[in-house]
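**Student:** Just passing along the structure, written as structure tokens.
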Amino acid sequence: MNKFIIYFIILFILNINETFSLNVNLTDYTSTFNIVNNRMVYPSGSCTNRYIIRVDKSDSSISITGWENGFTATQEPYAQGVDNNFSELYRLIISIPNGSNSTVLIKPIFNDPQITVNSIAVLTICNTVPSNIGYSKTLPSGYPYKGFSGYYTYLAKLNEAYQLFPTGNAVFASNITGYGFRMLTNNGSSNFRYLNNNYMYFSLILNSNQLADTISTITIPIYGQTSNFEFPNQLYSKRQSTPPISISNNTYPLDCNKNSNMKYWHCYSIYQYSLDDSNKYLFQTTQISPGDAFILNFKVLNDGNTVTYLNVIPTSSILTNNYVFTYYGDRITKIQEFNTSFYKNDMVPSNFGGEVIQDTYYSGISYLFSSPYLGPINLINDQFSSIKQSINYPFGVFNVTSNSINYQFEMPTLRYLQKPISLSVYFGLSNNEIYFDRLYTPTDSGSTDSQPPILYYYGYEEKGSAFSIVVSVGDKDSGVGSISVNLCSVACIYQFSPIDLIQGTIYNGTYRITIPKALIGVAFAAVKLTLTDRVGNSKIFQQNDIYNSNLDIIQIVPYIPPLTGSLDFIKDIYFSENDIDVTDAPKTVILYLKTDPVIPNYSFALATNFRIVYQSQRGNGYFRDETDQVIVSSFNPNTNYHEFTIKVPANTFTGPISYMISPIQFDNVLLYSVFNTSAELRVRSSVSDIMPPIIDNFSISGTTQQIPTIGTENVTFSFDVIDSINGFDYGVITVITDLDPLGWNFTLDPKVNSNKETYNLNIPITPTDRAQTYRIAYAWLVDKQGHVSEYPSVTKVNPFMKLDLASLSITTIGGKTDCQTTSPNLIDFTVISPLIKTNDGLNKTITFRVSTISLSHGISQRHDPTVYLASSSLSVISSNPLNKTLNDDGSVTYFMTAMIPFSFGYPDGITLSIFGVTDNCLNTIGFGTKSLQSLGKTYYINNTIGERPEIQNANYNNGLITINGFRMGYKTSNLIIKFITSGASSLTIKSFVSFSDRQIVTDQIKSYGIENKIEIAIQTSDSLISDYYPLTIPADGSITPSPTLTNTPTQKPKQCPGNPICGGPSKGNCNTDFTCTCIPPNTGLDCLSTSSGSNGTVDPNAPNVIFNYDGEYKSLIVVYSLKELDFNGKLVREFIFSNWSFIQNDSDHFQFQTSVMSGDSIKTNIVVKIVRYHEYKTITFANSNISIEPNTVKYSIDMDQYSFKSNLNTLQLLISASLETSKSDDICSSSQFGDTDDSSYIQVKIDNVILLGRFLKRSIIDGLISTITQTPINMYDNNNSSNSKSFIAMEIPNYKREISLDPNFSVLVDSRSTNSDDPNSICSSSKKGLTTAQLVGIIIGGAFLLVVLVILIGIILYRHSTTSRLIYYKLFKRGFSKNNTL
């Protein structure tokens, strides 16, 4: 009994001790949430301070019942999924009386009075706004130019205001509109925007007819005070009260006011004035209704005598009064009034339908609608919030009837989707705004998952000019479906995909994406993170939200806030030269920007405004073309300035250039307010032209045309392309018919006079053709300075502006009359190879066989079907043709292949479809996923990338094991070694030379003098372990290929080049794709070279570039020939290029053009553009960012339609690279070809000089980004030690319309001379030393011989000399006795 009493006494004591051990800790989180207190207020007001307090409790039974001093607080809600009973956040609101300057103690009251806690002391300041706050205007007379966004911006610097409350009242008087202006933003309490505590600015736009003669002083109340603001004159002093009189005034098209269906059209007014009026008047137009803003007229041409303005007239579906005004001095005056009632036809598709699909293998949505052909299809859903991909014809086409396409296709969604989903279809280019959408509600998928994903971690990593976002997310039931982060207020959304997994699985994994800092853009806003699981449960996290049980919050991007909102951040800004003359020639100028603090690893972006585009933004006409250059800064460590290299197009209008610097969001006008003329880039030109090419003198072969009964005739569209000053450069026009949307693609290039060129587009028609209507469906024209006109487009100038819409079509009659509407049949669809991993490990390939037949009309040889692969991320991949066969029964068998990225289709699988099966009567049929399923064909395949870490390859070299792979861990993992040869036990390594999720390097395994076979595996911190990978540790430490184990593919080991790797840490860094990022001035493949300083001389007779270096070395790049090969790789024909035409745009931009007759009437044009770069530059090609280093020559090669002898044939474009030297003695040459993940390279080297060529493995084929390969060709047998020449073939698949390629070259000086160990080396006789292997053999052999000789001599001496035998006894016999003494 006593034992039980003692037991209960112990329990009672423990319970008492537990009660008294309750404790609480308080932490002030106010600054973490970016809350700023201590403000100024009105004299009669009070300050409201806000504080965030974190409360950490030792026990969940502790609760807060109130706060001392009568403070009120609300508990900050946790993000969904957070489970923490021991920590809480509270938001306190404390009212501070005016004039207060004291310390306040914050302390909660608990449910248990015995709980004690230390208070938090905060300093509270509440000052009265001083009576002399005022402001000083920094623009004494107003700036006469618009800013980047098309409106006037004015800056005011506040006096003695360091704690102004941001919602304080600072409002213009309402009568400002009486002077023809209105505020750009007006929320009723303030129409000023704050930069920081010292600056505010406001923006004005023209609004309506000016009522008063002059602009008087306007009173603006600020914080209860009164200050006088002298409103600035915008342009020049008033000179006259009547508007100028135009020389000519025309409206296009002629039927603009006839209530016509404009489709993608605009109406335009074109005014022409004398040169005297060119710089005095700013033209605006408005659609008169309350609050409507003016829209800018474009000053587009100045021929030295007259100035031409282009006015885009607003569209309206009702009769509307429109006016054009002139604005000069301080007056707005109406100069023209006209009525319009035209509208843009949204062309909403008909017969819209569709359904939700819940299949055994996949979930999806079926689309069903009809429409005229409007261009490529773009798909959007509300889970991804951005256009994923533009998909060209024939995707989705079920069949084609006269002037209408019936679409029927399926797209997979998240596997277990149960939530409503909104899907939209856009047509043509995304900015055409022709789309429809529909809300779908999936049926019950059977999943019981009702909880959204849980966010475990959200953070950032510094990456120099870029930064990474790392998120850890889990969803144990259905898995994570999508992760997106929005960093901008408009469409700045970044998606995470399974390929971004660095550790774990979709059920619990860590993801990383990397974003260039300069791409954050001017629209940066608060962070918004959206997580969605595969059921559709979603959770949105906003900036400052608590997201986990540790009460961590979503932090703002740390690379943005210090740079925005403060003009004090910029210390200096100026241009390398100014008042530059761009008459007939572009000029390059550098903008220098200095900041405080200095941030060397930051990249700014500068956007210019050189071109015309019509784009609505912020209620005003905002004119910026997306083709305008965006320039990323480079940092100069010698001067501590950021540098922007700007190319100003020739014939830009005289005056300051508009620009915007992001992400600090300052434009040229705002910067002018502080830095005056040093922030201006001023140009001048005696003639000016920003008008893109326009089509005029248009004619057709007839509105109706009889199809011939014998022979061949042409349907012809004839016209002139006019570009009077800059000259026409290049164009593409597509003609389609109401039955054949595939159409014909025509490339336009200047032949004789680039200012006015005449073209005839001929399409042959024969007696076997059906009657149909031919029309121009697309046009894209560009002049020699990059100004673009486009049809259809709602943002660009229409090249057909002067024409009637009906004039673009020709209808044929007669022709083939026995056509029936019977569709072709699909007789076979087979996946003939599984998903096979490519050598780089990043992609998988799959091969299909498709057989079709049309018993009535035969299969068209001009229209090939395409297999499409779709994933739940709204991505679509199209197949590429391999070959096709016309069978004896009239059927056609096609073999196609597709390359699938590593994570495509994971985890929801891939759906298949076939579209574009067409017969000779243009009957077209498509087979969507459901159709294939109903026919018993393969309609779904699974692409698993595995749930564990994956080793791609590994190698051992000089004591280092380098392992490349995927998902190998975040921050730390274990390397497990199994010894096979030696029989030693397993070893776990945790020490690494370098570690990332894509590459691990360790020096913990050494050579033991014998060959050792091992197996290695990666184990991440979440206990996932990879398959074991075989590796051999050689006896001498050299590289030995890994052996092949059962079911384990062997791959060539990959590592970053160089010894040391990438030149060592001071010269370069190894990337996860096994390429090097070099630290300037180091360059080359392995960062062991520097630039030669030579950027080449361009041969005006051909697109060849000659490099000279040091007077002894000369290299040559030649675009040599075009080969057509059959499907066996045999040569069909070869065109060796000649007769190049040459245009030099400036000292660094060159263009060549030639053509070959690839068919009886088909001329293939080859356009080669060469650009020489002197500075670091980042350019974009095929959605890839390409870093261009100084003294690099970049080629851009475009080819239009090529007439293949067979649809099975392919092309090779051959480029030669040669290097020679005048030296002949003591020298070696070498050549080398290699691959990285995204490019190939060719390197020709003599002595220590390298000619390096890089070839991107991407191209643009028929408007789509496609993968291509490069192959070295042995065509030159005369290489020697002082002359080396190599050919590389760019493999071009069978295409229909056009292709673009993008290689680049540079000459480098290496830190090592060529020797006989280099690949494919040839050495002069004086340099023909021994190779390393030979030297090793000689050394070992010599040493062995020496040992033998010593032994022989010793034996002889031992036998014949007593002294020798005594020495032997002393050294060896007694030396190893037990006593070990002599």
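Every chain in the structure tokens takes a letter, A first, then B, and so on in the order presented; its residues are numbered from 1, and the ligands are numbered from 1 following the presented order.
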Residues at most 10 Å from Leu987 of chain A, counting only C-alpha atoms, excluding those fewer than 5 positions away in the same chain, as a ChimeraX atom specification?
**Tutor:** /A:974-979,1005,1016
**Student:** Can you list every residue in segment 347-492 of chain A that DSSP puts in strand (DSSP E), as JSON, numbers by chain?
**Tutor:** {"A": [350, 351, 352, 353, 354, 355, 356, 357, 358, 363, 364, 365, 366, 367, 368, 369, 370, 371, 377, 378, 379, 380, 381, 390, 391, 397, 398, 399, 400, 401, 404, 405, 406, 407, 408, 409, 410, 411, 412, 421, 422, 423, 424, 425, 426, 427, 435, 436, 437, 438, 439, 440, 454, 455, 456, 457, 458, 459, 460, 461, 462, 463, 466, 467, 468, 469, 470, 471, 472, 473, 474, 480, 481, 482, 483, 484, 485, 486, 487, 488]}
**Student:** Please, what distance in Å, to one decimal, runs between atom CA of Val589 of chain A and atom CA of His642 of chain A?
**Tutor:**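 Computing it gives 13.6 Å between the two atoms.
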**Student:** Closest to Leu826 of chain A among A:Phe927, A:Tyr440, A:Tyr774, A:Tyr730, using only C-alpha atoms?
**Tutor:**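 Smallest separation from Leu826 of chain A among the options: A:Phe927.
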**Student:** Quick check for you: according to DSSP on this backbone, which residues of segment 886-982 of chain A are classed as helix (DSSP H, G or I)? Reply as a PyMOL selection string.
**Tutor:** chain A and resi 929-934
**Student:** Which residues are close to segment 748-752 of chain A, i.e. within 12 Å by only C-alpha atoms, leaving aside same-chain residues fewer than 3 positions away? Reply as a ChimeraX atom specification.
**Tutor:** /A:693,719-723,727-734,745,755-761,779-784,1141-1143,1151-1155,1163-1167,1198-1201
